[in-house]
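Enquirer: Have a peek at final-v3.pdb (PDB, C-alpha atoms).
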```
ATOM      1  CA  MET B   1      -2.336  -8.896 -44.980
ATOM      2  CA  ARG B   2      -3.445 -10.748 -41.849
ATOM      3  CA  HIS B   3      -6.608  -9.750 -40.051
ATOM      4  CA  LYS B   4      -6.444  -9.026 -36.328
ATOM      5  CA  ILE B   5      -9.623  -9.929 -34.458
ATOM      6  CA  LEU B   6     -10.247  -9.529 -30.723
ATOM      7  CA  LEU B   7     -12.406 -12.159 -28.996
ATOM      8  CA  PRO B   8     -13.285 -11.144 -25.405
ATOM      9  CA  THR B   9     -14.377 -14.092 -23.277
ATOM     10  CA  ASP B  10     -15.710 -14.678 -19.786
ATOM     11  CA  PHE B  11     -15.731 -18.434 -20.518
ATOM     12  CA  SER B  12     -19.524 -18.478 -20.913
ATOM     13  CA  ASP B  13     -21.373 -20.461 -23.565
ATOM     14  CA  ASN B  14     -22.234 -17.230 -25.377
ATOM     15  CA  ALA B  15     -18.573 -16.182 -25.478
ATOM     16  CA  TRP B  16     -17.590 -19.553 -26.974
ATOM     17  CA  HIS B  17     -20.415 -19.241 -29.510
ATOM     18  CA  ALA B  18     -18.986 -15.874 -30.601
ATOM     19  CA  ILE B  19     -15.525 -17.431 -31.019
ATOM     20  CA  ASP B  20     -17.086 -20.177 -33.135
ATOM     21  CA  TYR B  21     -18.846 -17.543 -35.257
ATOM     22  CA  ALA B  22     -15.632 -15.547 -35.727
ATOM     23  CA  THR B  23     -13.645 -18.531 -36.983
ATOM     24  CA  LYS B  24     -16.412 -19.275 -39.466
ATOM     25  CA  LEU B  25     -16.618 -15.684 -40.694
ATOM     26  CA  TYR B  26     -12.866 -15.535 -41.357
ATOM     27  CA  LYS B  27     -12.392 -19.182 -42.320
ATOM     28  CA  ASN B  28     -10.774 -18.393 -45.671
ATOM     29  CA  GLU B  29      -8.548 -15.514 -44.577
ATOM     30  CA  PRO B  30      -5.228 -15.275 -42.713
ATOM     31  CA  THR B  31      -6.251 -14.128 -39.238
ATOM     32  CA  ASP B  32      -4.695 -13.596 -35.836
ATOM     33  CA  PHE B  33      -7.325 -14.079 -33.123
ATOM     34  CA  TYR B  34      -6.604 -12.505 -29.729
ATOM     35  CA  ILE B  35      -8.660 -14.234 -27.035
ATOM     36  CA  LEU B  36      -8.947 -11.821 -24.109
ATOM     37  CA  ASN B  37     -10.054 -12.553 -20.563
ATOM     38  CA  VAL B  38     -10.231  -9.704 -18.081
ATOM     39  CA  PHE B  39     -10.123 -10.570 -14.402
ATOM     40  CA  SER B  40     -10.809  -8.420 -11.345
ATOM     41  CA  ALA B  41     -10.870  -8.691  -7.576
ATOM     42  CA  THR B  42     -13.752 -10.325  -5.787
ATOM     43  CA  GLY B  43     -14.139 -11.182  -2.153
ATOM     44  CA  ASN B  44     -15.144  -8.934   0.686
ATOM     45  CA  LEU B  45     -16.012  -5.285   0.120
ATOM     46  CA  VAL B  46     -12.641  -3.919   1.207
ATOM     47  CA  GLU B  47     -10.762  -6.326  -1.056
ATOM     48  CA  SER B  48     -12.998  -5.442  -3.987
ATOM     49  CA  LEU B  49     -12.268  -1.742  -3.587
ATOM     50  CA  MET B  50      -8.524  -2.249  -3.414
ATOM     51  CA  LYS B  51      -6.402  -3.045  -6.442
ATOM     52  CA  PRO B  52      -4.601  -6.306  -5.664
ATOM     53  CA  GLN B  53      -0.863  -6.180  -5.899
ATOM     54  CA  THR B  54       1.051  -8.716  -7.944
ATOM     55  CA  GLY B  55       1.860 -11.574  -5.629
ATOM     56  CA  SER B  56      -1.138 -11.091  -3.335
ATOM     57  CA  ASP B  57      -3.266 -14.183  -2.775
ATOM     58  CA  ILE B  58      -6.419 -12.782  -4.380
ATOM     59  CA  TYR B  59      -4.542 -11.422  -7.419
ATOM     60  CA  GLU B  60      -2.657 -14.661  -8.003
ATOM     61  CA  SER B  61      -5.831 -16.725  -7.572
ATOM     62  CA  LYS B  62      -7.761 -14.665 -10.112
ATOM     63  CA  LYS B  63      -4.799 -14.594 -12.480
ATOM     64  CA  TRP B  64      -4.515 -18.394 -12.304
ATOM     65  CA  ASP B  65      -8.258 -18.810 -12.978
ATOM     66  CA  SER B  66      -7.984 -16.505 -15.992
ATOM     67  CA  GLU B  67      -4.965 -18.205 -17.509
ATOM     68  CA  ASP B  68      -6.379 -21.674 -16.822
ATOM     69  CA  GLY B  69      -9.652 -20.700 -18.494
ATOM     70  CA  LEU B  70      -7.819 -19.390 -21.557
ATOM     71  CA  ALA B  71      -5.790 -22.597 -21.771
ATOM     72  CA  LYS B  72      -9.035 -24.594 -21.761
ATOM     73  CA  VAL B  73     -10.418 -22.424 -24.568
ATOM     74  CA  LEU B  74      -7.326 -23.204 -26.650
ATOM     75  CA  ASP B  75      -7.704 -26.915 -25.871
ATOM     76  CA  LYS B  76     -11.343 -26.774 -26.964
ATOM     77  CA  LEU B  77     -10.347 -25.068 -30.212
ATOM     78  CA  VAL B  78      -7.866 -27.859 -30.935
ATOM     79  CA  LEU B  79     -10.454 -30.549 -30.159
ATOM     80  CA  THR B  80     -13.400 -29.053 -32.035
ATOM     81  CA  LYS B  81     -11.869 -27.216 -34.974
ATOM     82  CA  LYS B  82     -10.075 -28.593 -37.964
ATOM     83  CA  ASN B  83      -6.592 -27.187 -37.973
ATOM     84  CA  ASN B  84      -6.849 -24.101 -40.161
ATOM     85  CA  PRO B  85      -3.315 -23.069 -41.152
ATOM     86  CA  LYS B  86      -4.585 -19.555 -41.847
ATOM     87  CA  HIS B  87      -5.647 -19.021 -38.219
ATOM     88  CA  HIS B  88      -3.390 -18.234 -35.274
ATOM     89  CA  PHE B  89      -4.722 -17.915 -31.719
ATOM     90  CA  LYS B  90      -3.119 -15.839 -28.977
ATOM     91  CA  THR B  91      -4.384 -15.523 -25.418
ATOM     92  CA  VAL B  92      -4.290 -12.401 -23.271
ATOM     93  CA  SER B  93      -5.087 -12.290 -19.547
ATOM     94  CA  MET B  94      -5.417  -8.813 -18.014
ATOM     95  CA  PHE B  95      -6.320  -7.322 -14.655
ATOM     96  CA  ASN B  96      -8.442  -4.292 -15.455
ATOM     97  CA  ASN B  97     -12.021  -3.267 -16.088
ATOM     98  CA  THR B  98     -13.299  -4.792 -19.301
ATOM     99  CA  ILE B  99     -13.717  -1.611 -21.347
ATOM    100  CA  ASP B 100     -10.260  -0.245 -20.536
ATOM    101  CA  ALA B 101      -8.677  -3.631 -21.228
ATOM    102  CA  ILE B 102     -10.391  -3.885 -24.611
ATOM    103  CA  LYS B 103      -9.380  -0.326 -25.514
ATOM    104  CA  GLU B 104      -5.765  -1.099 -24.576
ATOM    105  CA  ILE B 105      -5.587  -4.272 -26.660
ATOM    106  CA  VAL B 106      -7.303  -2.614 -29.635
ATOM    107  CA  ASP B 107      -4.707   0.154 -29.533
ATOM    108  CA  LYS B 108      -1.597  -1.947 -28.846
ATOM    109  CA  LYS B 109      -2.372  -4.753 -31.317
ATOM    110  CA  ASP B 110      -4.039  -2.627 -34.013
ATOM    111  CA  ILE B 111      -7.221  -4.706 -33.772
ATOM    112  CA  GLU B 112      -9.613  -4.220 -36.701
ATOM    113  CA  MET B 113     -12.705  -5.988 -35.329
ATOM    114  CA  ILE B 114     -14.124  -7.124 -31.973
ATOM    115  CA  ILE B 115     -16.404 -10.168 -31.986
ATOM    116  CA  MET B 116     -18.137 -11.034 -28.725
ATOM    117  CA  GLY B 117     -21.280 -12.539 -27.220
ATOM    118  CA  THR B 118     -24.291 -10.429 -26.377
ATOM    119  CA  LYS B 119     -24.290 -11.745 -22.828
ATOM    120  CA  GLY B 120     -22.020 -13.644 -20.519
ATOM    121  CA  GLU B 121     -22.361 -15.711 -17.391
ATOM    122  CA  THR B 122     -25.410 -13.722 -16.254
ATOM    123  CA  HIS B 123     -27.288 -14.503 -19.508
ATOM    124  CA  SER B 124     -30.872 -13.317 -19.150
ATOM    125  CA  ARG B 125     -33.722 -12.664 -21.548
ATOM    126  CA  ALA B 126     -34.829  -9.743 -19.382
ATOM    127  CA  THR B 127     -32.499  -7.358 -21.193
ATOM    128  CA  ALA B 128     -31.680  -6.963 -24.858
ATOM    129  CA  PHE B 129     -27.904  -6.923 -24.441
ATOM    130  CA  GLY B 130     -25.628  -7.589 -21.530
ATOM    131  CA  SER B 131     -24.124  -4.449 -20.038
ATOM    132  CA  THR B 132     -20.631  -5.297 -21.295
ATOM    133  CA  ALA B 133     -21.792  -5.629 -24.904
ATOM    134  CA  ILE B 134     -23.638  -2.306 -24.661
ATOM    135  CA  TYR B 135     -20.607  -0.508 -23.221
ATOM    136  CA  VAL B 136     -18.253  -1.969 -25.815
ATOM    137  CA  MET B 137     -20.533  -0.905 -28.668
ATOM    138  CA  GLU B 138     -20.880   2.592 -27.255
ATOM    139  CA  LYS B 139     -17.474   3.297 -25.719
ATOM    140  CA  VAL B 140     -14.916   1.540 -27.943
ATOM    141  CA  ARG B 141     -15.374   3.947 -30.811
ATOM    142  CA  ASN B 142     -12.186   3.267 -32.755
ATOM    143  CA  CYS B 143     -13.072  -0.326 -33.628
ATOM    144  CA  PRO B 144     -16.213  -1.985 -35.029
ATOM    145  CA  VAL B 145     -17.937  -4.697 -32.999
ATOM    146  CA  ILE B 146     -19.956  -7.754 -33.926
ATOM    147  CA  VAL B 147     -22.140  -9.008 -31.064
ATOM    148  CA  VAL B 148     -23.311 -12.585 -31.487
ATOM    149  CA  PRO B 149     -26.390 -13.918 -29.637
ATOM    150  CA  LEU B 150     -26.246 -17.415 -28.243
ATOM    151  CA  GLU B 151     -29.116 -18.366 -30.564
ATOM    152  CA  ALA B 152     -27.376 -17.131 -33.745
ATOM    153  CA  GLU B 153     -26.644 -19.757 -36.354
ATOM    154  CA  ILE B 154     -22.974 -20.377 -37.096
ATOM    155  CA  LYS B 155     -23.012 -19.536 -40.787
ATOM    156  CA  LEU B 156     -21.896 -16.860 -43.181
ATOM    157  CA  PRO B 157     -24.515 -14.131 -43.571
ATOM    158  CA  LYS B 158     -26.420 -14.080 -46.833
ATOM    159  CA  GLU B 159     -28.522 -10.991 -46.105
ATOM    160  CA  ILE B 160     -27.355  -8.011 -44.048
ATOM    161  CA  VAL B 161     -29.918  -5.367 -43.128
ATOM    162  CA  PHE B 162     -28.596  -1.806 -42.976
ATOM    163  CA  PRO B 163     -31.244   0.596 -41.574
ATOM    164  CA  THR B 164     -30.853   4.263 -42.478
ATOM    165  CA  GLY B 165     -32.843   7.467 -42.470
ATOM    166  CA  PHE B 166     -30.561   9.051 -45.119
ATOM    167  CA  GLU B 167     -30.244  12.009 -42.769
ATOM    168  CA  VAL B 168     -26.469  12.239 -42.626
ATOM    169  CA  PRO B 169     -23.794  11.596 -45.261
ATOM    170  CA  TYR B 170     -21.797   8.391 -44.822
ATOM    171  CA  LYS B 171     -18.080   8.016 -45.361
ATOM    172  CA  ARG B 172     -16.607   5.133 -47.338
ATOM    173  CA  ARG B 173     -14.170   4.324 -44.541
ATOM    174  CA  GLU B 174     -17.080   4.033 -42.081
ATOM    175  CA  LEU B 175     -18.719   1.304 -44.128
ATOM    176  CA  VAL B 176     -15.650  -0.650 -45.234
ATOM    177  CA  TYR B 177     -16.333  -3.418 -42.697
ATOM    178  CA  LEU B 178     -19.911  -3.833 -43.894
ATOM    179  CA  THR B 179     -18.877  -4.099 -47.542
ATOM    180  CA  ASP B 180     -15.976  -6.404 -46.666
ATOM    181  CA  ILE B 181     -18.198  -8.845 -44.764
ATOM    182  CA  ALA B 182     -20.796  -8.737 -47.545
ATOM    183  CA  LYS B 183     -18.194  -9.523 -50.206
ATOM    184  CA  LYS B 184     -16.446 -12.310 -48.303
ATOM    185  CA  SER B 185     -19.823 -13.897 -47.500
ATOM    186  CA  GLU B 186     -21.377 -13.184 -50.908
ATOM    187  CA  ALA B 187     -24.189 -11.504 -48.984
ATOM    188  CA  SER B 188     -26.756  -8.970 -50.132
ATOM    189  CA  ILE B 189     -27.004  -5.666 -48.275
ATOM    190  CA  ILE B 190     -30.582  -4.532 -47.708
ATOM    191  CA  VAL B 191     -30.725  -0.750 -47.270
ATOM    192  CA  LEU B 192     -33.824  -0.382 -45.098
ATOM    193  CA  HIS B 193     -35.486   3.020 -44.856
ATOM    194  CA  VAL B 194     -38.251   3.383 -42.279
ATOM    195  CA  LYS B 195     -39.870   6.502 -43.638
ATOM    196  CA  GLU B 196     -41.433   9.214 -41.517
ATOM    197  CA  LYS B 197     -42.776  11.193 -44.484
ATOM    198  CA  ASP B 198     -43.903  10.412 -48.010
ATOM    199  CA  GLU B 199     -40.933  11.844 -49.894
ATOM    200  CA  LEU B 200     -37.223  12.232 -49.230
ATOM    201  CA  ASP B 201     -36.065  15.824 -49.021
ATOM    202  CA  GLY B 202     -33.148  17.113 -51.085
ATOM    203  CA  ASN B 203     -30.578  16.385 -48.392
ATOM    204  CA  GLN B 204     -31.817  12.819 -47.977
ATOM    205  CA  LYS B 205     -31.713  12.260 -51.727
ATOM    206  CA  ASP B 206     -28.097  13.443 -51.844
ATOM    207  CA  ASN B 207     -27.145  11.155 -48.967
ATOM    208  CA  LYS B 208     -28.909   8.213 -50.616
ATOM    209  CA  ALA B 209     -26.958   8.807 -53.826
ATOM    210  CA  LEU B 210     -23.694   8.990 -51.844
ATOM    211  CA  LEU B 211     -24.493   5.719 -50.075
ATOM    212  CA  GLU B 212     -25.119   4.062 -53.436
ATOM    213  CA  GLU B 213     -21.692   5.225 -54.619
ATOM    214  CA  ILE B 214     -20.097   3.667 -51.541
ATOM    215  CA  LEU B 215     -21.969   0.390 -52.007
ATOM    216  CA  GLU B 216     -21.102   0.159 -55.693
ATOM    217  CA  GLY B 217     -19.440  -3.200 -56.260
ATOM    218  CA  SER B 218     -21.525  -4.819 -53.525
ATOM    219  CA  THR B 219     -24.854  -6.526 -54.028
ATOM    220  CA  TYR B 220     -27.509  -4.298 -52.470
ATOM    221  CA  LYS B 221     -31.210  -3.508 -52.645
ATOM    222  CA  HIS B 222     -33.443  -0.764 -51.233
ATOM    223  CA  HIS B 223     -36.502  -1.459 -49.107
ATOM    224  CA  THR B 224     -38.842   1.139 -47.623
ATOM    225  CA  LEU B 225     -41.289   0.612 -44.767
ATOM    226  CA  SER B 226     -43.868   2.883 -43.199
ATOM    227  CA  HIS B 227     -44.034   2.416 -39.445
ATOM    228  CA  ASN B 228     -44.418   4.573 -36.370
ATOM    229  CA  SER B 229     -41.656   2.668 -34.587
ATOM    230  CA  VAL B 230     -38.243   2.242 -36.175
ATOM    231  CA  ILE B 231     -37.309  -0.549 -33.765
ATOM    232  CA  ALA B 232     -40.509  -2.496 -34.432
ATOM    233  CA  ALA B 233     -40.091  -2.045 -38.191
ATOM    234  CA  ILE B 234     -36.561  -3.458 -38.149
ATOM    235  CA  ASN B 235     -37.675  -6.309 -35.935
ATOM    236  CA  VAL B 236     -40.565  -7.294 -38.211
ATOM    237  CA  PHE B 237     -38.467  -6.923 -41.361
ATOM    238  CA  VAL B 238     -35.602  -9.080 -40.099
ATOM    239  CA  GLU B 239     -37.901 -11.797 -38.780
ATOM    240  CA  SER B 240     -40.073 -11.882 -41.896
ATOM    241  CA  ARG B 241     -37.097 -12.286 -44.234
ATOM    242  CA  ASP B 242     -34.983 -14.464 -41.941
ATOM    243  CA  SER B 243     -32.102 -12.024 -42.383
ATOM    244  CA  ASP B 244     -28.691 -13.002 -41.034
ATOM    245  CA  MET B 245     -27.207  -9.775 -39.662
ATOM    246  CA  VAL B 246     -28.116  -6.177 -38.842
ATOM    247  CA  ALA B 247     -25.512  -3.437 -39.340
ATOM    248  CA  PHE B 248     -25.562   0.074 -37.880
ATOM    249  CA  ILE B 249     -23.431   3.160 -37.857
ATOM    250  CA  ASN B 250     -23.192   4.197 -34.221
ATOM    251  CA  LYS B 251     -23.616   7.951 -34.481
ATOM    252  CA  LYS B 252     -23.737   9.849 -31.225
ATOM    253  CA  HIS B 253     -27.218  11.214 -30.539
ATOM    254  CA  LYS B 254     -28.452   9.507 -33.692
ATOM    255  CA  PHE B 255     -30.232   6.304 -34.567
ATOM    256  CA  PHE B 256     -28.093   3.593 -33.005
ATOM    257  CA  GLY B 257     -27.289   5.605 -29.914
ATOM    258  CA  SER B 258     -30.985   5.935 -29.188
ATOM    259  CA  ILE B 259     -31.422   2.167 -29.408
ATOM    260  CA  LEU B 260     -28.729   1.606 -26.831
ATOM    261  CA  THR B 261     -30.382   3.951 -24.366
ATOM    262  CA  SER B 262     -32.473   2.285 -21.680
ATOM    263  CA  PRO B 263     -35.352   1.450 -21.722
ATOM    264  CA  LEU B 264     -35.448   1.254 -25.541
ATOM    265  CA  VAL B 265     -32.713  -1.364 -25.440
ATOM    266  CA  LYS B 266     -35.204  -3.696 -23.744
ATOM    267  CA  GLU B 267     -37.708  -3.312 -26.556
ATOM    268  CA  ILE B 268     -35.726  -4.862 -29.391
ATOM    269  CA  SER B 269     -35.876  -8.601 -29.852
ATOM    270  CA  PHE B 270     -34.151  -9.227 -33.183
ATOM    271  CA  HIS B 271     -30.868  -9.541 -31.296
ATOM    272  CA  LEU B 272     -32.000 -12.905 -29.966
ATOM    273  CA  ASN B 273     -30.964 -14.720 -33.130
ATOM    274  CA  VAL B 274     -29.228 -12.162 -35.379
ATOM    275  CA  PRO B 275     -25.630 -10.925 -35.007
ATOM    276  CA  ILE B 276     -25.281  -7.151 -34.988
ATOM    277  CA  LEU B 277     -22.417  -5.230 -36.583
ATOM    278  CA  ALA B 278     -21.877  -1.893 -34.847
ATOM    279  CA  MET B 279     -19.649   0.477 -36.810
ATOM    280  CA  HIS B 280     -18.780   4.020 -35.794
ATOM    281  CA  ASP B 281     -19.156   7.571 -36.966
ATOM    282  CA  LEU B 282     -15.532   8.565 -37.540
ATOM    283  CA  ARG B 283     -16.362  12.225 -36.990
ATOM    284  CA  ASN B 284     -16.999  11.591 -33.290
TER     285      ASN B 284
END
```
Translate this structure into structure tokens?

Expert:
Amino acid sequence: MRHKILLPTDFSDNAWHAIDYATKLYKNEPTDFYILNVFSATGNLVESLMKPQTGSDIYESKKWDSEDGLAKVLDKLVLTKKNNPKHHFKTVSMFNNTIDAIKEIVDKKDIEMIIMGTKGETHSRATAFGSTAIYVMEKVRNCPVIVVPLEAEIKLPKEIVFPTGFEVPYKRRELVYLTDIAKKSEASIIVLHVKEKDELDGNQKDNKALLEEILEGSTYKHHTLSHNSVIAAINVFVESRDSDMVAFINKKHKFFGSILTSPLVKEISFHLNVPILAMHDLRN
């Protein structure tokens, strides 16, 4: 079965870096990559508030820029990549807002994974993630997302950190992408518990046992840290071990959702060199 991976691009260096990472991650597997560029109206205020009609000068200009940019991405892939017969690349140019366009492509093409840069043309260290990456991780809830920082090394992960408080039961289908990436990369999964009390309660113990059942067949280890800040604990752990990826379940009103809420999003720094896999709570 062929994988279907969506690669949103704004033609920035970070977007290209994410494409490079994606081709490495799936180098041994038959994969269809959909390279998506979303264009919109710019110009004076009135033009920006009006949806351009097909054939209008501003629409045709932006459409041409989008298609030309996608053609250059394909040319760059041909020039810089060895021809991998397992990989097929398809380009998609859409007039829309980015989130709606991504949702539409995910639905129409049955996309299984989105891989994108953390930031685009307005790359800045002042914020943890670009606004588009944040919105995609939070709003596109029927498809997991890997966000790739510009500083991330292009290599298969060997250690994936999975923080958990063992407070809610996980579902096997929620974690299938984590276990799949770990197996294809021969990576270890580090189940990281930042404890708030000395002992797990009965519910936490049950959820820990369930997680171990799900991870059976994967290489995994448990680590426990005591810290008054979950974000700081993850940051220190990842940096100290030189881990290669951090994976979360994005549960509404739970751990990952709190990280994405400003201003906490500005406090994390591990994203600067570690790709993040955001999966989703299928009950939401």

Enquirer: Which distance in Å separates CA of Lys63 in chain B and CA of Val106 in chain B, to one decimal?

Expert: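 Result for CA of Lys63 in chain B versus CA of Val106 in chain B: 21.1 Å, one decimal.
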
Enquirer: Just give me the gap between CA of Asn97 in chain B and CA of Asp57 in chain B in Å, one decimal is fine.

Expert: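 Result for CA of Asn97 in chain B versus CA of Asp57 in chain B: 19.3 Å, one decimal.
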
Enquirer: Fewer than 5 positions away in the same chain doesn't count, so skip those; otherwise give me all residues within 9 Å of Ile160 in chain B, counting all atoms listed in the file, as a list of chain:residue names.

Expert: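 Residues near the query, excluding close chain neighbours: B:Leu178, B:Ala182, B:Ala187, B:Ser188, B:Ile189, B:Ile190, B:Val191, B:Ser243, B:Asp244, B:Met245, B:Val246, B:Ala247.
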
Enquirer: Put a box with edges along x, y and z around all the listed atoms of range 151-169 of chain B, pad it by 8 Å on each side, then give me its centre and sizes in Å, one decimal, as JSON.

Expert:
```
{"center_x": -27.4, "center_y": -4.1, "center_z": -38.7, "size_x": 26.9, "size_y": 48.6, "size_z": 32.3}
```

Enquirer: Please indicate the distance in Å from CA of Thr219 in chain B to CA of Ala18 in chain B, rounded to one decimal place.

Expert: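 Separation between CA of Thr219 in chain B and CA of Ala18 in chain B: 25.9 Å.
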